[in-house]
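Dropping entry-v1.cif in here (mmCIF, C-alpha atoms):
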```
data_start
#
loop_
_atom_site.label_atom_id
_atom_site.label_comp_id
_atom_site.auth_asym_id
_atom_site.auth_seq_id
_atom_site.Cartn_x
_atom_site.Cartn_y
_atom_site.Cartn_z
CA MET X 70 149.02 139.74 100.62
CA LYS X 71 145.48 139.99 99.40
CA VAL X 72 145.21 136.22 99.15
CA GLY X 73 146.58 135.87 102.66
CA PHE X 74 144.02 138.32 103.98
CA LEU X 75 141.20 136.56 102.15
CA SER X 76 142.14 133.09 103.32
CA GLY X 77 142.56 134.48 106.83
CA THR X 78 139.05 135.90 106.73
CA LEU X 79 137.71 132.65 105.33
CA LEU X 80 139.39 130.66 108.08
CA LEU X 81 137.89 132.97 110.65
CA LEU X 82 134.47 132.54 109.06
CA VAL X 83 134.81 128.75 109.03
CA ASN X 84 135.82 128.95 112.67
CA PHE X 85 132.70 130.86 113.52
CA LEU X 86 130.55 128.41 111.63
CA VAL X 87 132.08 125.28 113.05
CA ALA X 88 132.99 126.40 116.54
CA PRO X 89 129.48 126.77 118.03
CA SER X 90 128.53 123.22 117.07
CA VAL X 91 131.76 121.88 118.55
CA LEU X 92 131.47 123.93 121.71
CA ALA X 93 127.81 123.15 122.23
CA ALA X 94 128.12 119.39 121.80
CA THR X 95 124.71 117.92 122.59
CA PRO X 96 124.77 116.59 126.16
CA GLU X 97 123.74 112.94 126.50
CA ILE X 98 121.71 111.54 129.34
CA GLN X 99 121.24 107.84 129.95
CA ILE X 100 118.00 106.26 131.13
CA GLU X 101 117.55 102.54 131.83
CA ILE X 102 114.39 100.46 131.85
CA ARG X 103 114.23 97.53 134.28
CA ASP X 104 111.10 95.59 135.28
CA HIS X 105 108.98 98.22 133.51
CA LEU X 106 110.45 101.06 135.58
CA PHE X 107 112.62 103.99 134.46
CA TYR X 108 116.01 104.51 136.19
CA PRO X 109 116.39 107.32 137.05
CA SER X 110 112.73 108.30 137.02
CA THR X 111 113.61 111.97 137.42
CA VAL X 112 115.98 113.11 134.73
CA GLU X 113 117.65 116.49 135.09
CA VAL X 114 118.62 118.19 131.85
CA PRO X 115 120.07 121.63 131.10
CA ALA X 116 117.33 124.09 130.08
CA ASN X 117 117.33 125.80 126.68
CA GLN X 118 119.61 123.20 125.16
CA LYS X 119 119.06 120.19 122.95
CA VAL X 120 119.63 116.92 124.83
CA ARG X 121 120.23 113.39 123.55
CA LEU X 122 118.41 110.80 125.66
CA PHE X 123 120.08 107.41 125.39
CA ILE X 124 117.61 104.79 126.58
CA ILE X 125 118.60 101.22 127.38
CA ASN X 126 115.80 98.69 127.75
CA ASN X 127 116.96 95.82 129.96
CA ASP X 128 113.57 94.10 129.83
CA PRO X 129 112.94 91.39 127.24
CA THR X 130 109.66 93.17 126.36
CA PRO X 131 109.45 96.28 124.18
CA GLU X 132 108.47 99.61 125.70
CA GLU X 133 107.28 102.88 124.22
CA PHE X 134 108.69 106.12 125.53
CA GLU X 135 105.89 108.65 125.35
CA SER X 136 105.45 112.22 126.52
CA TYR X 137 102.72 114.64 125.54
CA GLU X 138 104.62 117.53 127.13
CA LEU X 139 107.83 116.75 125.23
CA ASN X 140 105.86 115.80 122.11
CA ARG X 141 107.84 112.57 121.81
CA GLU X 142 106.89 108.94 121.13
CA LYS X 143 109.19 106.05 120.30
CA VAL X 144 109.26 102.27 120.59
CA ILE X 145 112.29 100.70 122.27
CA PRO X 146 112.65 96.98 121.39
CA GLY X 147 113.12 94.42 124.17
CA ASN X 148 116.79 94.29 125.23
CA GLY X 149 117.38 97.19 122.86
CA LYS X 150 118.76 100.69 122.92
CA THR X 151 117.51 103.88 121.42
CA VAL X 152 118.17 107.59 121.11
CA ILE X 153 115.61 110.39 121.41
CA PHE X 154 116.52 114.04 120.96
CA ILE X 155 114.53 116.47 123.12
CA GLY X 156 114.50 120.22 123.60
CA PRO X 157 115.75 122.90 123.81
CA LEU X 158 113.30 123.10 126.73
CA PRO X 159 112.30 126.09 128.83
CA PRO X 160 112.85 125.42 132.55
CA GLY X 161 110.10 123.19 133.90
CA GLU X 162 108.87 119.64 134.42
CA TYR X 163 107.97 117.32 131.57
CA PRO X 164 106.36 113.99 132.55
CA PHE X 165 106.95 110.91 130.41
CA PHE X 166 105.74 107.33 130.61
CA GLY X 167 106.12 103.92 129.06
CA GLU X 168 102.99 103.47 127.02
CA PHE X 169 103.22 99.67 127.02
CA PHE X 170 103.33 99.51 130.84
CA PRO X 171 101.87 102.87 131.86
CA LYS X 172 101.05 101.86 135.44
CA THR X 173 104.66 101.40 136.47
CA ALA X 174 106.86 103.05 133.86
CA GLN X 175 106.64 106.71 134.77
CA GLY X 176 109.13 109.52 135.01
CA LYS X 177 109.81 113.15 134.36
CA VAL X 178 112.37 115.35 132.72
CA VAL X 179 113.30 118.40 134.78
CA ALA X 180 114.86 121.19 132.75
CA LYS X 181 116.96 123.55 134.88
CA MET P 139 96.01 95.82 131.54
CA PHE P 140 92.60 95.59 129.86
CA LEU P 141 92.03 99.36 129.82
CA SER P 142 95.56 100.31 128.77
CA THR P 143 95.32 97.77 125.92
CA VAL P 144 92.00 99.25 124.76
CA ILE P 145 93.50 102.76 124.74
CA LEU P 146 96.73 101.80 122.98
CA VAL P 147 95.16 99.61 120.31
CA LEU P 148 92.37 102.12 119.69
CA GLN P 149 94.87 104.94 119.20
CA GLU P 150 96.59 102.92 116.50
CA ILE P 151 93.47 101.57 114.81
CA LEU P 152 91.33 104.72 114.77
CA GLU P 153 93.44 106.64 112.26
CA ALA P 154 93.52 103.75 109.81
CA ALA P 155 89.78 103.07 110.22
CA LEU P 156 88.86 106.70 109.53
CA LEU P 157 91.19 106.84 106.54
CA ILE P 158 89.66 103.69 105.06
CA SER P 159 86.18 105.20 105.52
CA LEU P 160 87.16 108.38 103.69
CA LEU P 161 88.61 106.46 100.76
CA LEU P 162 85.57 104.17 100.63
CA VAL P 163 83.25 107.18 100.49
CA LEU P 164 85.42 108.67 97.76
CA SER P 165 85.36 105.43 95.73
CA ARG P 166 81.58 105.45 95.86
CA LEU P 167 81.26 109.12 94.99
CA LEU P 168 83.64 108.87 92.04
CA THR P 169 81.93 105.76 90.72
CA ARG P 170 78.60 107.55 90.96
CA LYS P 171 79.74 110.05 88.34
CA SER P 172 78.94 107.34 85.82
CA ARG P 173 78.76 109.64 82.83
CA GLU P 174 82.51 109.95 83.12
CA ASN P 175 82.89 106.17 83.05
CA LEU P 176 84.64 106.05 86.40
CA VAL P 177 84.13 102.77 88.17
CA ILE P 178 86.46 102.34 91.12
CA PRO P 179 86.36 98.67 92.11
CA LEU P 180 86.12 98.21 95.87
CA ALA P 181 88.49 95.23 95.78
CA TRP P 182 91.31 97.56 96.82
CA LEU P 183 90.07 97.38 100.39
CA SER P 184 90.58 93.66 100.94
CA PHE P 185 94.00 93.78 99.25
CA SER P 186 94.98 96.76 101.39
CA VAL P 187 94.05 95.04 104.63
CA LEU P 188 95.82 91.84 103.59
CA PHE P 189 99.04 93.54 102.44
CA GLY P 190 98.84 95.97 105.36
CA LEU P 191 98.75 93.15 107.93
CA GLY P 192 101.61 91.40 106.13
CA GLY P 193 103.58 94.65 106.12
CA ALA P 194 102.84 95.22 109.80
CA TRP P 195 104.08 91.76 110.71
CA PHE P 196 107.25 92.29 108.67
CA TYR P 197 107.91 95.75 110.11
CA ALA P 198 107.33 94.52 113.67
CA ALA P 199 109.86 91.73 113.06
CA MET P 200 112.33 94.25 111.62
CA THR P 201 111.88 96.84 114.39
CA PRO P 202 114.82 95.72 116.58
CA ALA P 203 117.16 95.97 113.56
CA VAL P 204 115.69 99.18 112.13
CA SER P 205 115.89 100.76 115.58
CA GLN P 206 119.71 100.65 115.41
CA TRP P 207 120.04 102.22 111.97
CA PHE P 208 121.48 105.73 111.59
CA ASP P 209 122.88 105.80 115.12
CA TYR P 210 119.64 104.62 116.79
CA VAL P 211 117.22 106.90 114.95
CA GLY P 212 116.28 104.36 112.26
CA LEU P 213 112.67 104.11 113.41
CA GLU P 214 112.12 107.85 113.04
CA VAL P 215 113.73 107.89 109.60
CA VAL P 216 111.80 104.87 108.30
CA ASN P 217 108.48 106.05 109.79
CA ALA P 218 108.96 109.54 108.35
CA SER P 219 109.76 107.97 104.96
CA ILE P 220 106.55 105.91 105.15
CA GLN P 221 104.59 109.10 105.93
CA LEU P 222 106.18 111.03 103.07
CA PHE P 223 105.68 108.15 100.64
CA THR P 224 102.00 107.99 101.63
CA LEU P 225 101.74 111.74 101.12
CA ALA P 226 103.29 111.40 97.65
CA ALA P 227 100.77 108.67 96.73
CA LEU P 228 97.92 110.87 97.97
CA VAL P 229 99.16 113.87 95.97
CA VAL P 230 99.45 111.78 92.78
CA PHE P 231 95.97 110.39 93.45
CA CYS P 232 94.40 113.84 93.82
CA PHE P 233 96.22 115.33 90.83
CA MET P 234 95.54 112.54 88.36
CA PHE P 235 91.80 113.32 88.21
CA SER P 236 92.31 116.22 85.83
CA SER P 237 89.40 116.84 83.45
CA ALA P 238 91.55 115.69 80.52
CA ASN P 239 92.26 112.36 82.22
CA ARG P 240 88.66 111.91 83.31
CA ILE P 241 87.37 112.38 79.78
CA ASN P 242 90.13 110.76 77.74
CA ARG P 243 91.53 108.09 80.00
CA PRO P 244 88.88 106.88 82.45
CA ALA P 245 90.08 103.28 82.12
CA LYS P 246 93.55 104.27 83.27
CA LEU P 247 92.09 106.09 86.27
CA ASN P 248 89.96 103.07 87.11
CA THR P 249 93.12 100.97 87.41
CA LEU P 250 95.40 103.54 89.02
CA ALA P 251 92.96 104.86 91.64
CA PRO P 252 92.52 101.55 93.51
CA VAL P 253 96.27 100.89 93.35
CA LEU P 254 97.08 104.26 94.93
CA MET P 255 94.35 103.89 97.56
CA CYS P 256 95.78 100.46 98.33
CA ILE P 257 99.28 101.95 98.78
CA ILE P 258 97.95 104.69 101.09
CA VAL P 259 96.06 102.23 103.30
CA VAL P 260 98.83 99.58 103.32
CA MET P 261 101.33 102.19 104.56
CA GLY P 262 98.91 103.29 107.29
CA ILE P 263 98.12 99.77 108.49
CA THR P 264 101.80 98.73 108.36
CA ARG P 265 102.87 101.58 110.63
CA GLU P 266 99.97 101.42 113.06
CA VAL P 267 99.45 97.68 113.37
CA SER P 268 103.19 96.87 113.70
CA GLU P 269 103.09 98.77 116.98
CA ILE P 270 100.08 96.75 118.15
CA ILE P 271 101.94 93.54 117.29
CA LEU P 272 105.01 94.66 119.27
CA TYR P 273 102.84 95.65 122.21
CA MET P 274 100.79 92.43 122.23
CA ASN P 275 103.94 90.33 121.96
CA GLY P 276 105.42 92.21 124.88
CA VAL P 277 102.54 92.17 127.32
CA MET P 278 101.48 88.62 126.51
CA SER P 279 104.87 87.26 127.55
CA ASN P 280 103.30 87.44 131.00
CA ARG P 281 100.61 84.74 131.09
CA LEU P 282 98.38 86.75 133.39
CA ASN P 283 98.08 89.43 130.74
CA VAL P 284 97.01 87.18 127.87
CA SER P 285 93.24 87.26 128.25
CA PRO P 286 92.83 90.95 129.29
CA ALA P 287 95.15 91.96 126.44
CA ILE P 288 93.27 89.92 123.83
CA LEU P 289 89.88 91.10 125.10
CA GLY P 290 91.12 94.70 125.16
CA ALA P 291 92.44 94.44 121.60
CA ILE P 292 89.17 92.95 120.34
CA MET P 293 87.19 95.68 122.08
CA ALA P 294 89.45 98.42 120.67
CA ALA P 295 89.22 96.92 117.20
CA GLY P 296 85.43 96.91 117.56
CA ILE P 297 85.33 100.58 118.65
CA GLY P 298 87.78 101.57 115.91
CA VAL P 299 85.92 99.80 113.13
CA SER P 300 82.56 101.12 114.41
CA SER P 301 83.92 104.68 114.40
CA GLY P 302 84.97 104.16 110.80
CA ILE P 303 81.50 102.88 109.89
CA VAL P 304 79.85 105.82 111.69
CA LEU P 305 82.02 108.29 109.78
CA TYR P 306 81.25 106.50 106.51
CA PHE P 307 77.47 106.75 106.95
CA LEU P 308 77.69 110.24 108.46
CA ILE P 309 79.42 111.56 105.35
CA LEU P 310 77.19 109.61 102.97
CA SER P 311 74.06 110.86 104.71
CA MET P 312 74.85 114.40 103.55
CA PRO P 313 73.75 115.75 100.17
CA VAL P 314 76.12 114.24 97.59
CA ILE P 315 78.02 117.44 96.88
CA TRP P 316 78.63 117.95 100.59
CA SER P 317 79.75 114.32 101.10
CA TYR P 318 82.31 114.99 98.42
CA ARG P 319 83.40 118.32 99.92
CA VAL P 320 83.72 117.02 103.48
CA CYS P 321 85.60 113.98 102.21
CA MET P 322 88.11 116.08 100.28
CA LEU P 323 88.54 118.54 103.17
CA LEU P 324 89.33 115.69 105.56
CA LEU P 325 91.68 114.16 103.01
CA ALA P 326 93.53 117.49 102.68
CA LEU P 327 93.91 117.67 106.48
CA PHE P 328 95.06 114.04 106.49
CA ALA P 329 97.79 115.08 104.03
CA GLY P 330 98.73 117.90 106.40
CA ASN P 331 98.94 115.44 109.27
CA LEU P 332 101.25 113.14 107.28
CA ALA P 333 103.66 116.00 106.57
CA SER P 334 103.52 117.33 110.11
CA GLN P 335 104.21 113.88 111.61
CA ALA P 336 107.15 113.35 109.25
CA ILE P 337 108.62 116.70 110.33
CA LEU P 338 108.12 115.82 114.01
CA LEU P 339 109.88 112.45 113.56
CA LEU P 340 112.82 113.96 111.70
CA THR P 341 113.17 116.66 114.39
CA GLN P 342 113.11 113.94 117.06
CA ALA P 343 115.92 112.19 115.15
CA ASP P 344 117.86 115.49 114.97
CA TRP P 345 117.82 115.28 111.16
CA LEU P 346 115.88 118.56 111.04
CA PRO P 347 116.64 121.62 113.14
CA TYR P 348 114.57 122.43 116.19
CA THR P 349 111.91 125.10 115.70
CA ALA P 350 109.98 126.72 118.54
CA GLU P 351 106.55 125.55 119.64
CA LEU P 352 103.95 127.68 117.85
CA TRP P 353 101.14 127.25 120.36
CA ASN P 354 100.18 125.15 123.35
CA SER P 355 96.53 124.19 123.66
CA SER P 356 97.15 121.28 126.04
CA THR P 357 95.04 122.87 128.78
CA LEU P 358 92.17 123.53 126.34
CA ILE P 359 92.10 120.15 124.56
CA PRO P 360 94.66 117.73 126.02
CA GLU P 361 95.99 115.27 123.43
CA TYR P 362 95.20 112.31 125.70
CA SER P 363 91.54 113.32 126.12
CA VAL P 364 88.88 111.57 124.04
CA THR P 365 88.32 114.74 122.00
CA GLY P 366 92.07 115.13 121.55
CA GLN P 367 92.47 111.54 120.37
CA LEU P 368 89.54 111.78 117.96
CA LEU P 369 90.79 115.08 116.57
CA TYR P 370 94.27 113.62 116.23
CA ALA P 371 92.97 110.67 114.21
CA LEU P 372 90.67 112.82 112.10
CA VAL P 373 92.66 116.01 111.42
CA GLY P 374 96.06 115.41 113.03
CA TYR P 375 95.41 117.61 116.07
CA GLU P 376 98.45 118.31 118.16
CA ALA P 377 98.48 120.39 121.35
CA ASN P 378 102.02 121.76 121.00
CA PRO P 379 103.25 121.69 117.39
CA SER P 380 106.48 123.29 116.24
CA ILE P 381 106.58 126.12 113.70
CA LEU P 382 108.02 123.81 111.02
CA GLN P 383 105.26 121.24 111.62
CA VAL P 384 102.54 123.85 111.18
CA ILE P 385 104.15 125.23 108.00
CA PHE P 386 104.32 121.77 106.44
CA TYR P 387 100.85 120.83 107.68
CA PHE P 388 99.23 123.77 105.93
CA SER P 389 101.33 123.67 102.78
CA SER P 390 100.50 119.98 102.25
CA ALA P 391 96.81 120.57 102.96
CA LEU P 392 96.85 123.48 100.51
CA LEU P 393 98.58 121.37 97.88
CA ILE P 394 95.67 118.91 98.03
CA ALA P 395 93.22 121.82 98.05
CA PHE P 396 94.58 122.92 94.68
CA SER P 397 94.35 119.45 93.13
CA PRO P 398 91.79 118.73 90.39
CA LEU P 399 90.01 116.18 92.59
CA PHE P 400 89.50 118.76 95.34
CA LEU P 401 88.53 121.60 93.00
CA LEU P 402 86.02 119.33 91.28
CA ALA P 403 84.04 119.28 94.52
CA TRP P 404 83.57 123.05 94.31
CA ARG P 405 83.56 123.65 90.56
CA ASN P 406 80.39 122.98 88.54
CA SER P 407 78.71 122.33 91.86
CA GLN P 408 75.25 123.07 90.50
CA ASP P 409 75.74 120.73 87.58
CA THR P 410 77.20 117.86 89.60
CA ASN P 411 74.73 118.37 92.40
CA ASP P 412 71.64 118.10 90.22
CA HIS P 413 72.95 115.18 88.30
CA ASP P 414 73.91 113.18 91.35
CA LEU P 415 70.84 114.10 93.33
CA GLN P 416 68.64 112.87 90.52
CA GLU P 417 70.61 109.70 90.33
CA ASN P 418 70.32 109.30 94.06
CA ALA P 419 66.59 109.85 94.21
#
```
Reformat the file's structure so that it appears as structure tokens.
Amino acid sequence: MKVGFLSGTLLLLVNFLVAPSVLAATPEIQIEIRDHLFYPSTVEVPANQKVRLFIINNDPTPEEFESYELNREKVIPGNGKTVIFIGPLPPGEYPFFGEFFPKTAQGKVVAK
Amino acid sequence: MFLSTVILVLQEILEAALLISLLLVLSRLLTRKSRENLVIPLAWLSFSVLFGLGGAWFYAAMTPAVSQWFDYVGLEVVNASIQLFTLAALVVFCFMFSSANRINRPAKLNTLAPVLMCIIVVMGITREVSEIILYMNGVMSNRLNVSPAILGAIMAAGIGVSSGIVLYFLILSMPVIWSYRVCMLLLALFAGNLASQAILLLTQADWLPYTAELWNSSTLIPEYSVTGQLLYALVGYEANPSILQVIFYFSSALLIAFSPLFLLAWRNSQDTNDHDLQENA
């Protein structure tokens, strides 16, 4: 009886520990780079939540995702893919750019 | 293309140039304490640059592969490891100059010091220059960009190296004891920067939990401004650091501040000061 109660409590505890991470699976948002431009250039993400940006570079040249507002910087090889985790962000706009081709590669993350 | 190349290359080169200056000043200052038989050969610099450029070329070639490691966060993990390894080398360097070692084993210090300085600089150059190589390879695939990119890189390299030389002579122009103190203070902050950057990278890779932003001074000193960039290269300035970054920045800086090499700059100041000033005169 006691053992049953204990294991029941333990199970409940494990549930509490595991459940939030399962429920709040990190949302993924895809961004593509083509001809030194970001598609989409405005990326909407849920506010106050960690987000996984999956970036696909379709150009043969490398690019560097950079954002002072997001405090992020990462090289994406030519014809390569990469992942950048951002947030949780308060609602607002966070500009980013491609540091290797800053004139064209520009965009912003909008946290709502 | 010319201007963006200057900015990008300068950003990468400045940190390494300033670091090399600090270590050069330190080599000179330590060697000057001749009564302790410390003679740090300056040959470490040429080896560092050579191995650093080799490392940069290798890392640039490996970037597409590394990028895919650990579910696409390989670059963060490897870069953070490089930062932490550099930090470890710096900590060993600062702690090995205990008074016992300086008196009993100066020969050992004379060999180990240049090796550790070499490791610290090689890691820096590898990380920074590999990005320049990737960038130059990328932009120069368009023929129109070749000459502005090369000119921009040469100009940036010139500004970067000049800044290093200015810092070198600026520190050496101070009274010896103050050269030493400023040098060690900047080295402690450099250690803080290494730790803070490693934390930032591992947070970006989701290997470390998110911690809130501690402050935001981006309106006061934007990171992209000239002051911001200089402060970043010199003391690791960041406009919006996370709590974890700040904790690790200051604990690493403090660790260096409690090392024998750092304390030596404050202890026996009168003694060291007089001795060195006389020698200098």
Enter the distance from CA of Gln221 in chain P to CA of Leu168 in chain P, in Å, rounded to one decimal. 25.1 Å
Residues matched by the PyMOL selection byres ((chain P) within 6 of (chain X)), written as number ranges by chain: P: 202, 210, 276, 342
Would you kindly identify which residues have an atom no farther than 10 Å from (115.6, 111.5, 136.7), using all atoms listed in the file and the file's own coordinates, and write them out as a ChimeraX atom specification? /X:98-100,107-114,176-179
How many Å lie between CA of Asn378 in chain P and CA of Ala329 in chain P, rounded to one decimal?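 Pair CA of Asn378 in chain P / CA of Ala329 in chain P returns 18.7 Å.
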Identify, on the basis of all atoms listed in the file, every residue whose closest approach to Thr201 in chain P does not exceed 8 Å; exclude the query and any residue fewer than 4 positions from it along the same chain; express the result as a list of chain:residue names.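 Final neighbour list, sorted by chain and number: X:Pro146, P:Tyr197, P:Ser205, P:Leu213.
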Preceding selection exported with C-alpha atoms as a JSON list (two decimals), in the frame of the given file:
```json
[["chain", "number", "residue", "atom", "x", "y", "z"],
["X", 146, "PRO", "CA", 112.65, 96.98, 121.39],
["P", 197, "TYR", "CA", 107.91, 95.75, 110.11],
["P", 205, "SER", "CA", 115.89, 100.76, 115.58],
["P", 213, "LEU", "CA", 112.67, 104.11, 113.41]]
```
For Asn354 in chain P, list every protein, DNA or RNA residue within 10 Å, evaluated using all atoms listed in the file, and leave out those in the same chain fewer than 5 positions away; present the list as number ranges by chain. X: 138; P: 359-360, 376-380
Selected by the PyMOL selection byres ((chain P and resi 184-192) around 9) in the shown coordinates: which residues, as a list in words?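 Listing what the PyMOL selection byres ((chain P and resi 184-192) around 9) selects in the shown file: Leu180, Ala181, Trp182, Leu183, Gly193, Ala194, Trp195, Phe196, Tyr197, Met255, Cys256, Ile257, Ile258, Val259, Val260, Met261, Gly262, Ile263, Thr264, Arg265, Val267 and Ser268 of chain P.
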Shell around Ser397 in chain P at 6 Å using only C-alpha atoms, local window under 3 positions removed, as a ChimeraX atom specification: /P:232-233,394,400
Point (87.6, 101.0, 87.9) neighbourhood (10 Å, all atoms listed in the file) written as a PyMOL selection string: chain P and resi 165+168-169+175-181+244-252
Top pick for closest residue to Leu146 in chain P, considering X:Pro159, X:His105, X:Gly167, X:Ala116 and counting only C-alpha atoms: X:Gly167
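Reported to one decimal place, the separation of CA of Thr224 in chain P from CA of Tyr273 in chain P is 24.0 Å.
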What's around Tyr306 in chain P at 10 Å? Count only C-alpha atoms, leave out sequence neighbours fewer than 3 positions away in its own chain, and write the answer as number ranges by chain. P: 155-164, 300-303, 309-311, 317, 321
Identify, on the basis of only C-alpha atoms, every residue whose closest approach to Phe388 in chain P does not exceed 10 Å; exclude the query and any residue fewer than 3 positions from it along the same chain; express the result as a VMD selection string. chain P and resid 326 to 327 329 to 331 333 to 334 383 to 385 391 to 394
Of the candidates P:Asp344, P:Trp316, P:Phe328, P:Leu148, which shows the shortest atom-to-atom distance to Trp404 in chain P, using all atoms listed in the file?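 Checking each of P:Asp344, P:Trp316, P:Phe328, P:Leu148 against Trp404 in chain P, counting all atoms listed in the file, the winner is P:Trp316.
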Take range 95-115 of chain X, bring it up to N, CA and C atoms, and give me the output as a short mmCIF file (atom, residue, chain, number, x, y, z; two decimals), in the frame of the given file.
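This is the output file rebuild-v1.cif:
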```cif
data_model
loop_
_atom_site.label_atom_id
_atom_site.label_comp_id
_atom_site.auth_asym_id
_atom_site.auth_seq_id
_atom_site.Cartn_x
_atom_site.Cartn_y
_atom_site.Cartn_z
N THR X 95 125.97 118.27 121.94
CA THR X 95 124.71 117.92 122.59
C THR X 95 124.97 117.02 123.80
N PRO X 96 124.55 117.45 124.99
CA PRO X 96 124.77 116.59 126.16
C PRO X 96 123.91 115.32 126.07
N GLU X 97 124.48 114.20 126.54
CA GLU X 97 123.74 112.94 126.50
C GLU X 97 123.38 112.51 127.90
N ILE X 98 122.15 112.03 128.04
CA ILE X 98 121.71 111.54 129.34
C ILE X 98 121.17 110.13 129.19
N GLN X 99 121.60 109.24 130.08
CA GLN X 99 121.24 107.84 129.95
C GLN X 99 120.08 107.49 130.88
N ILE X 100 119.12 106.75 130.32
CA ILE X 100 118.00 106.26 131.13
C ILE X 100 117.92 104.75 130.92
N GLU X 101 117.68 104.00 131.99
CA GLU X 101 117.55 102.54 131.83
C GLU X 101 116.14 102.10 132.18
N ILE X 102 115.69 101.05 131.51
CA ILE X 102 114.39 100.46 131.85
C ILE X 102 114.66 99.07 132.44
N ARG X 103 114.11 98.84 133.64
CA ARG X 103 114.23 97.53 134.28
C ARG X 103 112.91 97.19 134.95
N ASP X 104 112.39 96.01 134.71
CA ASP X 104 111.10 95.59 135.28
C ASP X 104 110.02 96.65 135.08
N HIS X 105 109.98 97.21 133.89
CA HIS X 105 108.98 98.22 133.51
C HIS X 105 109.04 99.48 134.37
N LEU X 106 110.24 99.82 134.83
CA LEU X 106 110.45 101.06 135.58
C LEU X 106 111.59 101.83 134.92
N PHE X 107 111.53 103.16 135.00
CA PHE X 107 112.62 103.99 134.46
C PHE X 107 113.63 104.29 135.57
N TYR X 108 114.93 104.13 135.26
CA TYR X 108 116.01 104.51 136.19
C TYR X 108 116.94 105.49 135.50
N PRO X 109 117.15 106.70 135.96
CA PRO X 109 116.39 107.32 137.05
C PRO X 109 115.01 107.73 136.54
N SER X 110 114.07 107.89 137.46
CA SER X 110 112.73 108.30 137.02
C SER X 110 112.63 109.82 136.92
N THR X 111 113.54 110.52 137.60
CA THR X 111 113.61 111.97 137.42
C THR X 111 114.92 112.29 136.72
N VAL X 112 114.80 112.87 135.55
CA VAL X 112 115.98 113.11 134.73
C VAL X 112 116.22 114.61 134.65
N GLU X 113 117.35 115.05 135.18
CA GLU X 113 117.65 116.49 135.09
C GLU X 113 118.41 116.79 133.82
N VAL X 114 117.92 117.80 133.08
CA VAL X 114 118.62 118.19 131.85
C VAL X 114 118.83 119.70 131.87
N PRO X 115 119.88 120.18 131.17
CA PRO X 115 120.07 121.63 131.10
C PRO X 115 118.95 122.27 130.30
#
```
